[in-house]
$ cat protein14.csv   # CSV, C-alpha atoms
chain,number,residue,atom,x,y,z
K,1251,MET,CA,-18.2,62.9,2.0
K,1252,HIS,CA,-18.2,66.2,4.0
K,1253,CYS,CA,-15.4,64.7,6.1
K,1254,SER,CA,-13.3,64.0,3.0
K,1255,ARG,CA,-13.8,67.6,1.8
K,1256,TRP,CA,-12.6,68.9,5.2
K,1257,LEU,CA,-9.6,66.6,4.9
K,1258,ALA,CA,-8.8,68.0,1.5
K,1259,MET,CA,-8.7,71.5,3.1
K,1260,LEU,CA,-6.0,70.5,5.5
K,1261,PRO,CA,-3.0,70.9,3.2
K,1262,LEU,CA,-4.3,74.4,2.3
K,1263,ALA,CA,-4.6,75.3,6.0
K,1264,GLY,CA,-1.2,73.9,6.6
K,1265,ALA,CA,0.3,76.0,3.8
K,1266,LEU,CA,-1.3,79.1,5.2
K,1267,LEU,CA,0.1,78.4,8.6
K,1268,ILE,CA,3.5,77.9,7.2
K,1269,LEU,CA,3.3,81.1,5.2
K,1270,ARG,CA,2.0,83.2,8.1
K,1271,PRO,CA,5.3,83.7,9.9
K,1272,SER,CA,6.8,85.5,6.9
K,1273,THR,CA,4.2,88.2,7.4
K,1274,ALA,CA,4.6,88.3,11.1
K,1275,ALA,CA,8.4,88.6,10.7
K,1276,ALA,CA,7.8,92.2,9.4
K,1277,GLN,CA,7.3,93.3,13.0
K,1278,ASP,CA,11.0,93.9,13.5
K,1279,PRO,CA,11.8,93.8,17.2
K,1280,ARG,CA,14.3,96.7,16.7
K,1281,LEU,CA,11.5,98.9,15.5
K,1282,GLU,CA,9.1,97.7,18.2
K,1283,ARG,CA,11.6,98.9,20.8
K,1284,ARG,CA,12.3,102.3,19.3
K,1285,LEU,CA,9.1,103.5,17.6
K,1286,ASP,CA,5.8,104.5,19.1
K,1287,PRO,CA,2.8,102.3,18.1
K,1288,ALA,CA,1.4,104.6,15.4
K,1289,THR,CA,4.8,105.1,13.7
K,1290,LEU,CA,5.5,101.4,14.0
K,1291,GLU,CA,2.3,100.6,12.2
K,1292,SER,CA,3.0,103.0,9.4
K,1293,VAL,CA,6.6,102.0,9.0
K,1294,THR,CA,5.8,98.3,9.2
K,1295,ALA,CA,3.1,98.7,6.4
K,1296,THR,CA,5.7,100.3,4.2
K,1297,ILE,CA,8.3,97.6,4.9
K,1298,ASP,CA,5.7,94.8,4.3
K,1299,SER,CA,4.8,96.4,1.0
K,1300,ALA,CA,8.5,96.7,0.0
K,1301,ARG,CA,9.1,93.1,1.0
K,1302,LEU,CA,6.2,92.0,-1.2
K,1303,GLN,CA,7.8,93.8,-4.1
K,1304,GLY,CA,11.0,92.0,-3.5
K,1305,LEU,CA,12.9,95.2,-2.4
K,1306,PRO,CA,15.6,95.1,0.3
K,1307,VAL,CA,14.0,96.1,3.6
K,1308,GLU,CA,17.0,96.4,5.9
K,1309,ALA,CA,17.8,99.9,4.6
K,1310,LEU,CA,14.2,100.9,5.4
K,1311,VAL,CA,14.6,99.6,9.0
K,1312,GLN,CA,17.8,101.5,9.3
K,1313,ARG,CA,16.2,104.7,8.0
K,1314,ALA,CA,13.4,104.4,10.7
K,1315,LEU,CA,16.0,103.7,13.4
K,1316,GLU,CA,18.0,106.7,12.3
K,1317,GLY,CA,14.9,108.8,12.7
K,1318,ALA,CA,14.3,107.4,16.2
K,1319,ALA,CA,17.9,108.1,17.2
K,1320,LYS,CA,17.6,111.7,16.0
K,1321,HIS,CA,14.3,112.1,17.8
K,1322,ALA,CA,12.5,113.0,14.6
K,1323,ALA,CA,8.7,113.5,14.6
K,1324,PRO,CA,6.7,110.3,13.9
K,1325,ALA,CA,5.3,111.7,10.6
K,1326,GLN,CA,8.9,112.6,9.5
K,1327,ILE,CA,10.1,109.0,10.2
K,1328,ALA,CA,7.1,107.5,8.3
K,1329,ALA,CA,7.6,109.9,5.4
K,1330,ALA,CA,11.4,109.2,5.2
K,1331,VAL,CA,10.8,105.4,5.1
K,1332,ARG,CA,8.1,105.7,2.4
K,1333,ARG,CA,10.4,108.0,0.3
K,1334,LEU,CA,13.3,105.5,0.5
K,1335,ALA,CA,11.0,102.7,-0.4
K,1336,MET,CA,9.9,104.6,-3.5
K,1337,GLU,CA,13.5,105.3,-4.4
K,1338,LEU,CA,14.4,101.6,-4.1
K,1339,ALA,CA,11.5,100.7,-6.3
K,1340,THR,CA,12.6,103.3,-8.9
K,1341,ALA,CA,16.2,102.0,-8.7
K,1342,ARG,CA,15.0,98.5,-9.3
K,1343,GLN,CA,13.0,99.6,-12.3
K,1344,ALA,CA,16.0,101.4,-13.7
K,1345,LEU,CA,18.6,98.7,-13.0
K,1346,GLY,CA,16.5,95.6,-13.6
K,1347,SER,CA,15.4,92.8,-11.4
K,1348,VAL,CA,18.8,91.2,-11.2
K,1349,SER,CA,20.2,94.0,-9.0
K,1350,SER,CA,21.6,93.1,-5.6
K,1351,PRO,CA,20.3,94.8,-2.5
K,1352,MET,CA,23.6,96.7,-2.2
K,1353,GLU,CA,23.2,98.0,-5.8
K,1354,LEU,CA,19.6,99.1,-5.1
K,1355,GLU,CA,20.6,100.9,-1.9
K,1356,ALA,CA,23.5,102.7,-3.7
K,1357,ALA,CA,21.2,103.5,-6.6
K,1358,ALA,CA,18.6,104.9,-4.2
K,1359,GLY,CA,21.3,107.2,-2.8
K,1360,ALA,CA,22.2,108.3,-6.3
K,1361,LEU,CA,18.6,109.0,-7.1
K,1362,ARG,CA,18.3,111.0,-3.9
K,1363,ALA,CA,21.3,113.0,-4.9
K,1364,GLY,CA,19.6,114.0,-8.2
K,1365,VAL,CA,20.8,111.4,-10.7
K,1366,ARG,CA,18.2,110.5,-13.3
K,1367,PRO,CA,16.8,106.9,-13.5
K,1368,ALA,CA,17.8,106.8,-17.2
K,1369,ASP,CA,21.4,107.4,-16.3
K,1370,LEU,CA,21.2,104.4,-13.9
K,1371,THR,CA,20.0,102.3,-16.8
K,1372,ARG,CA,22.8,103.4,-19.0
K,1373,LEU,CA,25.3,102.6,-16.3
K,1374,ARG,CA,23.8,99.1,-16.0
K,1375,HIS,CA,24.3,98.5,-19.7
K,1376,ARG,CA,27.9,99.8,-19.7
K,1377,ARG,CA,29.2,97.9,-16.7
K,1378,THR,CA,29.3,94.1,-16.4
K,1379,GLN,CA,30.6,94.0,-12.8
K,1380,SER,CA,28.8,95.0,-9.7
K,1381,LEU,CA,27.5,98.6,-9.8
K,1382,THR,CA,27.6,99.3,-6.0
K,1383,VAL,CA,30.9,101.3,-6.0
K,1384,ALA,CA,30.1,103.0,-9.3
K,1385,LEU,CA,26.7,104.1,-8.0
K,1386,ALA,CA,28.2,105.2,-4.7
K,1387,THR,CA,30.9,107.2,-6.6
K,1388,LEU,CA,28.1,108.8,-8.6
K,1389,ALA,CA,26.2,109.8,-5.5
K,1390,ASP,CA,29.3,111.0,-3.7
K,1391,LEU,CA,30.4,113.2,-6.7
K,1392,VAL,CA,27.0,114.9,-6.7
K,1393,ALA,CA,27.3,115.4,-2.9
K,1394,SER,CA,30.7,117.0,-3.5
K,1395,GLY,CA,29.1,119.5,-5.8
K,1396,VAL,CA,29.4,117.9,-9.3
K,1397,PRO,CA,26.2,118.5,-11.2
K,1398,PRO,CA,24.3,115.2,-11.5
K,1399,ASP,CA,24.5,115.1,-15.4
K,1400,SER,CA,28.3,115.7,-15.3
K,1401,ALA,CA,28.8,113.1,-12.6
K,1402,ALA,CA,26.7,110.6,-14.5
K,1403,ALA,CA,28.6,111.2,-17.7
K,1404,ALA,CA,31.9,110.8,-16.0
K,1405,VAL,CA,31.0,107.5,-14.2
K,1406,ILE,CA,29.3,106.1,-17.3
K,1407,ALA,CA,32.5,106.8,-19.3
K,1408,LEU,CA,34.6,104.9,-16.7
K,1409,ALA,CA,32.1,102.2,-16.2
K,1410,ALA,CA,33.2,99.8,-18.9
K,1411,SER,CA,36.9,99.8,-18.1
K,1412,ALA,CA,37.5,100.9,-14.5
K,1413,GLY,CA,37.5,98.6,-11.6
K,1414,ASP,CA,36.1,99.5,-8.2
K,1415,ASP,CA,39.5,100.6,-6.9
K,1416,GLN,CA,40.0,102.9,-9.9
K,1417,MET,CA,36.5,104.3,-9.5
K,1418,ALA,CA,37.2,105.1,-5.8
K,1419,ASP,CA,40.6,106.7,-6.8
K,1420,PHE,CA,38.7,108.8,-9.4
K,1421,ARG,CA,36.3,110.0,-6.8
K,1422,ARG,CA,39.1,110.9,-4.3
K,1423,ALA,CA,40.9,112.8,-7.1
K,1424,VAL,CA,37.9,114.8,-8.0
K,1425,GLU,CA,37.1,115.6,-4.4
K,1426,ARG,CA,40.7,116.7,-3.8
K,1427,ASP,CA,40.6,119.0,-6.8
K,1428,ILE,CA,37.3,120.5,-5.6
K,1429,ALA,CA,38.8,121.1,-2.2
K,1430,LEU,CA,41.8,122.9,-3.9
K,1431,GLY,CA,39.3,125.2,-5.6
K,1432,ALA,CA,38.6,123.6,-9.0
K,1433,PRO,CA,35.0,124.0,-10.3
K,1434,PRO,CA,33.3,120.6,-9.6
K,1435,ALA,CA,32.2,119.9,-13.2
K,1436,VAL,CA,35.6,120.8,-14.6
K,1437,ALA,CA,37.3,118.6,-12.0
K,1438,ALA,CA,35.2,115.6,-12.9
K,1439,ALA,CA,35.7,116.1,-16.7
K,1440,VAL,CA,39.5,116.5,-16.4
K,1441,ARG,CA,39.9,113.5,-14.1
K,1442,VAL,CA,37.8,111.2,-16.2
K,1443,ASP,CA,39.8,112.1,-19.3
K,1444,ALA,CA,43.0,111.4,-17.4
K,1445,ALA,CA,41.6,108.1,-16.1
K,1446,LEU,CA,40.5,107.0,-19.6
K,1447,ARG,CA,43.9,107.8,-21.0
K,1448,GLN,CA,45.6,105.7,-18.3
K,1449,THR,CA,43.2,102.7,-18.7
K,1450,PRO,CA,44.5,100.2,-21.3
K,1451,GLY,CA,41.9,99.4,-23.9
K,1452,ALA,CA,39.5,102.1,-22.7
K,1453,SER,CA,37.8,104.3,-25.2
K,1454,SER,CA,38.3,108.0,-24.7
K,1455,ARG,CA,35.0,108.6,-26.3
K,1456,ARG,CA,32.5,109.9,-23.7
K,1457,PRO,CA,29.1,108.4,-23.9
E,386,MET,CA,53.8,-5.5,-7.2
E,387,PHE,CA,51.3,-4.8,-9.9
E,388,ASP,CA,48.9,-7.4,-8.3
E,389,ARG,CA,49.1,-5.7,-4.9
E,390,ASP,CA,48.2,-2.4,-6.4
E,391,GLU,CA,45.1,-3.9,-8.1
E,392,ASP,CA,44.0,-5.4,-4.8
E,393,VAL,CA,44.2,-2.0,-3.1
E,394,LEU,CA,42.2,-0.4,-5.9
E,395,ASP,CA,39.5,-3.1,-5.7
E,396,ARG,CA,39.2,-2.5,-1.9
E,397,VAL,CA,38.8,1.2,-2.4
E,398,ILE,CA,36.1,0.7,-5.1
E,399,ASP,CA,34.3,-1.7,-2.8
E,400,GLN,CA,34.4,0.8,0.0
E,401,LEU,CA,33.0,3.5,-2.2
E,402,ARG,CA,30.2,1.3,-3.3
E,403,GLN,CA,28.9,0.8,0.2
E,404,PRO,CA,25.6,2.7,0.7
E,405,VAL,CA,25.8,5.9,2.7
E,406,GLU,CA,23.4,6.3,5.6
E,407,MET,CA,21.8,9.8,5.6
E,408,ASP,CA,19.6,11.5,8.2
E,409,PRO,CA,16.0,10.7,7.2
E,410,THR,CA,14.8,14.3,8.1
E,411,LEU,CA,17.3,16.0,5.8
E,412,ASP,CA,14.9,16.1,2.8
E,413,THR,CA,12.1,17.7,4.9
E,414,ALA,CA,14.5,20.3,6.4
E,415,VAL,CA,15.8,21.3,3.0
E,416,MET,CA,12.4,21.6,1.5
E,417,THR,CA,11.1,23.7,4.5
E,418,ARG,CA,14.0,26.1,4.1
E,419,VAL,CA,13.4,26.5,0.3
E,420,ALA,CA,9.8,27.2,0.9
E,421,ALA,CA,10.5,29.9,3.5
E,422,GLY,CA,13.0,31.7,1.3
E,423,GLY,CA,10.6,31.7,-1.6
E,424,GLU,CA,7.9,33.3,0.7
E,425,ARG,CA,10.3,36.1,1.6
E,426,LEU,CA,11.2,36.7,-2.0
E,427,GLY,CA,7.6,36.7,-2.9
E,428,ARG,CA,6.7,39.4,-0.3
E,429,LEU,CA,9.6,41.6,-1.6
E,430,ALA,CA,8.5,41.1,-5.2
E,431,ALA,CA,4.9,42.1,-4.2
E,432,VAL,CA,6.1,45.3,-2.5
E,433,TRP,CA,8.3,46.1,-5.5
E,434,ASP,CA,5.4,45.6,-7.9
E,435,TRP,CA,3.1,47.7,-5.7
E,436,ALA,CA,5.6,50.6,-5.6
E,437,TRP,CA,6.0,50.6,-9.3
E,438,ARG,CA,2.5,49.9,-10.4
E,439,PRO,CA,0.9,53.0,-12.0
E,440,ARG,CA,-2.5,54.0,-10.6
E,441,GLU,CA,-4.9,56.8,-10.9
E,442,ILE,CA,-5.4,59.2,-7.9
E,443,SER,CA,-8.4,61.5,-7.8
E,444,VAL,CA,-7.8,64.9,-6.2
E,445,SER,CA,-10.2,67.7,-6.1
E,446,PRO,CA,-9.0,71.1,-7.5
E,447,LEU,CA,-9.0,72.6,-4.0
E,448,ALA,CA,-7.0,69.8,-2.5
E,449,GLY,CA,-4.5,70.0,-5.5
E,450,LEU,CA,-4.2,73.7,-4.9
E,451,GLY,CA,-3.7,73.1,-1.2
E,452,LEU,CA,-1.0,70.5,-1.8
E,453,ALA,CA,0.8,72.9,-4.3
E,454,ALA,CA,0.6,75.7,-1.8
E,455,ALA,CA,1.9,73.5,0.9
E,456,VAL,CA,4.9,72.5,-1.2
E,457,VAL,CA,5.6,76.2,-2.1
E,458,GLY,CA,5.1,77.1,1.6
E,459,ILE,CA,7.6,74.5,2.8
E,460,VAL,CA,10.1,75.6,0.1
E,461,VAL,CA,9.7,79.3,1.1
E,462,TRP,CA,9.9,78.4,4.8
E,463,LEU,CA,13.1,76.4,4.3
E,464,ALA,CA,14.6,79.2,2.2
E,465,GLY,CA,13.8,81.7,4.8
E,466,ARG,CA,15.5,79.7,7.5
E,467,ASN,CA,18.8,79.6,5.7
E,468,PRO,CA,20.9,82.6,6.7
E,469,GLN,CA,22.4,84.5,3.8
E,470,VAL,CA,25.9,83.1,3.3
E,471,ALA,CA,28.5,85.7,2.8
E,472,SER,CA,31.1,84.9,0.2
E,473,PRO,CA,34.7,85.1,1.3
E,474,ALA,CA,35.0,88.3,-0.7
E,475,ALA,CA,32.2,89.8,1.3
E,476,GLY,CA,34.1,89.5,4.6
E,477,PRO,CA,34.4,92.5,6.9
E,478,ASN,CA,36.8,95.3,6.2
E,479,THR,CA,38.3,97.3,9.1
E,480,VAL,CA,37.4,101.0,8.8
E,481,GLN,CA,38.7,103.7,11.1
E,482,PHE,CA,36.6,106.7,11.9
E,483,VAL,CA,38.2,109.8,13.2
E,484,VAL,CA,36.7,113.1,14.3
E,485,VAL,CA,38.0,116.2,16.0
E,486,ALA,CA,35.7,117.2,18.9
E,487,PRO,CA,37.7,119.4,21.4
E,488,GLY,CA,36.2,119.6,24.8
E,489,ALA,CA,33.7,116.8,24.3
E,490,ALA,CA,33.0,114.5,27.2
E,491,SER,CA,31.9,111.6,25.0
E,492,VAL,CA,31.7,110.9,21.3
E,493,SER,CA,29.9,107.9,19.7
E,494,LEU,CA,29.8,106.5,16.2
E,495,VAL,CA,26.2,105.9,15.2
E,496,GLY,CA,25.0,104.5,11.9
E,497,ASP,CA,23.4,101.8,9.7
E,498,PHE,CA,26.0,99.3,11.0
E,499,ASN,CA,24.9,99.5,14.7
E,500,ASP,CA,21.2,100.1,14.3
E,501,TRP,CA,21.7,103.8,15.2
E,502,ASP,CA,22.3,102.9,18.8
E,503,GLY,CA,24.1,105.8,20.5
E,504,GLY,CA,25.7,103.5,23.1
E,505,ALA,CA,26.9,100.8,20.8
E,506,THR,CA,30.2,102.2,19.5
E,507,PRO,CA,31.8,104.7,21.8
E,508,MET,CA,34.9,106.4,20.4
E,509,GLN,CA,38.2,106.7,22.2
E,510,ALA,CA,39.9,110.1,22.8
E,511,ALA,CA,43.5,110.6,22.1
E,512,LYS,CA,45.8,112.0,24.8
E,513,SER,CA,45.1,115.6,23.6
E,514,GLY,CA,41.4,115.0,24.2
E,515,ALA,CA,40.4,116.6,20.9
E,516,LEU,CA,40.8,113.7,18.5
E,517,TRP,CA,38.4,110.8,18.8
E,518,SER,CA,38.6,107.6,16.9
E,519,VAL,CA,37.2,104.1,16.6
E,520,THR,CA,37.8,101.1,14.3
E,521,VAL,CA,34.9,98.9,13.2
E,522,PRO,CA,34.6,95.9,10.9
E,523,LEU,CA,32.2,96.5,8.1
E,524,THR,CA,31.0,94.2,5.4
E,525,PRO,CA,30.9,95.6,1.8
E,526,GLY,CA,28.1,98.1,1.4
E,527,ARG,CA,27.1,101.7,1.7
E,528,TYR,CA,26.5,103.0,5.2
E,529,ARG,CA,25.0,106.2,6.6
E,530,TYR,CA,26.5,107.4,9.9
E,531,ALA,CA,27.1,110.4,12.1
E,532,PHE,CA,29.0,111.2,15.3
E,533,LEU,CA,27.0,111.8,18.5
E,534,VAL,CA,28.8,114.3,20.7
E,535,ASN,CA,27.9,114.4,24.4
E,536,GLY,CA,24.9,112.3,23.7
E,537,SER,CA,23.0,115.1,22.1
E,538,ARG,CA,24.8,116.9,19.3
E,539,TRP,CA,25.0,115.3,15.8
E,540,LEU,CA,28.1,115.9,13.8
E,541,ALA,CA,28.7,114.8,10.2
E,542,ASP,CA,32.1,113.4,9.2
E,543,PRO,CA,34.0,116.3,7.6
E,544,ALA,CA,36.3,113.8,5.8
E,545,ALA,CA,33.4,111.9,4.1
E,546,PRO,CA,30.6,112.8,1.7
E,547,ARG,CA,27.5,114.1,3.3
E,548,VAL,CA,24.1,112.8,2.5
E,549,GLN,CA,20.8,114.6,2.1
E,550,ASP,CA,19.1,114.1,5.4
E,551,ASP,CA,15.5,113.3,6.2
E,552,TYR,CA,15.7,114.4,9.8
E,553,ASP,CA,17.4,117.8,9.8
E,554,ALA,CA,20.5,116.4,11.4
E,555,PRO,CA,23.7,115.8,9.4
E,556,SER,CA,24.8,112.4,8.3
E,557,SER,CA,27.8,111.1,6.2
E,558,VAL,CA,28.2,108.1,4.1
E,559,VAL,CA,30.9,105.5,3.7
E,560,THR,CA,31.2,102.9,0.9
E,561,VAL,CA,33.0,99.7,1.6
E,562,GLY,CA,33.9,97.9,-1.5
E,563,GLY,CA,33.6,94.1,-1.8
$ encode --input "protein14.csv" --output "structure tokens"
Amino acid sequence: MHCSRWLAMLPLAGALLILRPSTAAAQDPRLERRLDPATLESVTATIDSARLQGLPVEALVQRALEGAAKHAAPAQIAAAVRRLAMELATARQALGSVSSPMELEAAAGALRAGVRPADLTRLRHRRTQSLTVALATLADLVASGVPPDSAAAAVIALAASAGDDQMADFRRAVERDIALGAPPAVAAAVRVDAALRQTPGASSRRP
Amino acid sequence: MFDRDEDVLDRVIDQLRQPVEMDPTLDTAVMTRVAAGGERLGRLAAVWDWAWRPREISVSPLAGLGLAAAVVGIVVWLAGRNPQVASPAAGPNTVQFVVVAPGAASVSLVGDFNDWDGGATPMQAAKSGALWSVTVPLTPGRYRYAFLVNGSRWLADPAAPRVQDDYDAPSSVVTVGG
């Protein structure tokens, strides 16, 4: 009888053996080569936690490698990876669980630039196609000096009708205007109105 | 002429009425073959019946849980083995990076696309020596990068948006649409 009980445990043991490599895979060889043991342990714990939450982890690996390349202090690397993991989690919460890794990484960049999570959610509701370029446009506008609220309002206004190419053209136009001396918020507002007028079927009503 | 025909017919009938001699073992051989075929069919039918006959199987809760975990584990393992298949639309785009670095001995492009390896993507200097460039294939996505001048000085791309940096060294970002 005892023997049969042990036999019944075999499938469970087999399953645990099969599942074990996914945990061990968190030890990324790229990180092992470039990080000291203490930093590696901290970064790996963050990456494992992110993986368990279903977040994309490649961006976390790259952030750690960036720190190693720039000879950052171990604590700085661990903190940067943790911060990005939190931003990815916030992005997923704002955009929903159907978001692609590229969308989440772009949304994390927008959050870092100062965009509010609520604006990410509004963008998701307004745009049916991939959000990657729209989110990148949003982050880039803020990086160019457009206030986060103005940048979000502009991109959300374009979201329903503009394709990725139009979104990229819009960003370039705003950046050009800023380089020529226009106030960033004004440049964004003027260019979004012009883009909406040119887009057939687009509502000129700003959200 | 009619009589001759009747004679021929009678002879044929007589010939046909002669008893035919058959091999005396024929009956036995035929019956043996029939019995053997029946046995084979019987075995197949038994296997078929066994396969389709419903039966009760007793499994302890732990064993059941283990079997379920094993199935899930195998599915997860198989899913993990499959590499992510890029759609045709997600193929690499060629992106050229250019930076002006007069007097530099070497300039490298370093970023998310080459694991931040300073030796992976050296840039080529133009004849004047001030303009450095390189072209790399990038799949759709958003990439952080910077230029590494003379192996020690980090330089952001002045032609691209800058990103807030965690490491007190400048970085830029490029978005490749897909």
$ closest_atom_pairs --input "protein14.csv" --of "chain E" --to "chain K" --cutoff "6 Å" --atoms "all atoms listed in the file" --output "JSON lines"
{"residue": "E:Ala448", "atom": "CA", "partner": "K:Ala1258", "partner_atom": "CA", "distance": 4.7}
{"residue": "E:Gly451", "atom": "CA", "partner": "K:Leu1262", "partner_atom": "CA", "distance": 3.8}
{"residue": "E:Leu452", "atom": "CA", "partner": "K:Pro1261", "partner_atom": "CA", "distance": 5.4}
{"residue": "E:Ala454", "atom": "CA", "partner": "K:Ala1265", "partner_atom": "CA", "distance": 5.6}
{"residue": "E:Ala455", "atom": "CA", "partner": "K:Ala1265", "partner_atom": "CA", "distance": 4.1}
{"residue": "E:Gly458", "atom": "CA", "partner": "K:Ala1265", "partner_atom": "CA", "distance": 5.4}
{"residue": "E:Asp497", "atom": "CA", "partner": "K:Gln1312", "partner_atom": "CA", "distance": 5.6}
{"residue": "E:Trp501", "atom": "CA", "partner": "K:Glu1316", "partner_atom": "CA", "distance": 5.5}
{"residue": "E:Gly526", "atom": "CA", "partner": "K:Met1352", "partner_atom": "CA", "distance": 5.9}
{"residue": "E:Pro546", "atom": "CA", "partner": "K:Asp1390", "partner_atom": "CA", "distance": 5.8}
{"residue": "E:Asp551", "atom": "CA", "partner": "K:Ala1330", "partner_atom": "CA", "distance": 5.9}
{"residue": "E:Tyr552", "atom": "CA", "partner": "K:Ala1322", "partner_atom": "CA", "distance": 5.9}
$ atom_distance --input "protein14.csv" --atom1 "CA of Glu1337 in chain K" --atom2 "CA of Val1307 in chain K"
12.2 Å
$ atom_distance --input "protein14.csv" --atom1 "CA of Asn499 in chain E" --atom2 "CA of Thr1340 in chain K"
26.9 Å
$ closest_residue --input "protein14.csv" --among "K:Val1440, K:Ala1339, K:Leu1385, K:Val1293" --to "Leu1305 in chain K" --atoms "all atoms listed in the file"
K:Ala1339
$ atom_distance --input "protein14.csv" --atom1 "CA of Ala505 in chain E" --atom2 "CA of Asp542 in chain E"
17.9 Å
$ residues_around --input "protein14.csv" --residues "Leu516 in chain E" --least-positions-apart "5" --cutoff "10 Å" --atoms "only C-alpha atoms" --output "list in words"
Val483, Val484, Val485, Ala486, Pro487, Gly488, Ala489, Val492, Met508, Gln509, Ala510 and Ala511 of chain E
$ write_last_selection --input "protein14.csv" --atoms "C-alpha atoms" --output "PDB file, in the coordinates of the input"
ATOM      1  CA  VAL E 483      38.200 109.800  13.200  1.00  0.00           C
ATOM      2  CA  VAL E 484      36.700 113.100  14.300  1.00  0.00           C
ATOM      3  CA  VAL E 485      38.000 116.200  16.000  1.00  0.00           C
ATOM      4  CA  ALA E 486      35.700 117.200  18.900  1.00  0.00           C
ATOM      5  CA  PRO E 487      37.700 119.400  21.400  1.00  0.00           C
ATOM      6  CA  GLY E 488      36.200 119.600  24.800  1.00  0.00           C
ATOM      7  CA  ALA E 489      33.700 116.800  24.300  1.00  0.00           C
ATOM      8  CA  VAL E 492      31.700 110.900  21.300  1.00  0.00           C
ATOM      9  CA  MET E 508      34.900 106.400  20.400  1.00  0.00           C
ATOM     10  CA  GLN E 509      38.200 106.700  22.200  1.00  0.00           C
ATOM     11  CA  ALA E 510      39.900 110.100  22.800  1.00  0.00           C
ATOM     12  CA  ALA E 511      43.500 110.600  22.100  1.00  0.00           C
TER      13      ALA E 511
END
$ residues_around --input "protein14.csv" --residues "Val1396 in chain K" --least-positions-apart "6" --cutoff "10 Å" --atoms "only C-alpha atoms" --output "list in words"
Leu1388, Ala1389, Asp1390, Ala1402, Val1424, Glu1425, Ile1428, Pro1433, Pro1434, Ala1435, Val1436, Ala1437, Ala1438 and Ala1439 of chain K
$ closest_residue --input "protein14.csv" --among "K:Arg1376, K:Pro1279, K:Ser1350, K:Glu1291" --to "Ser1411 in chain K" --atoms "all atoms listed in the file"
K:Arg1376
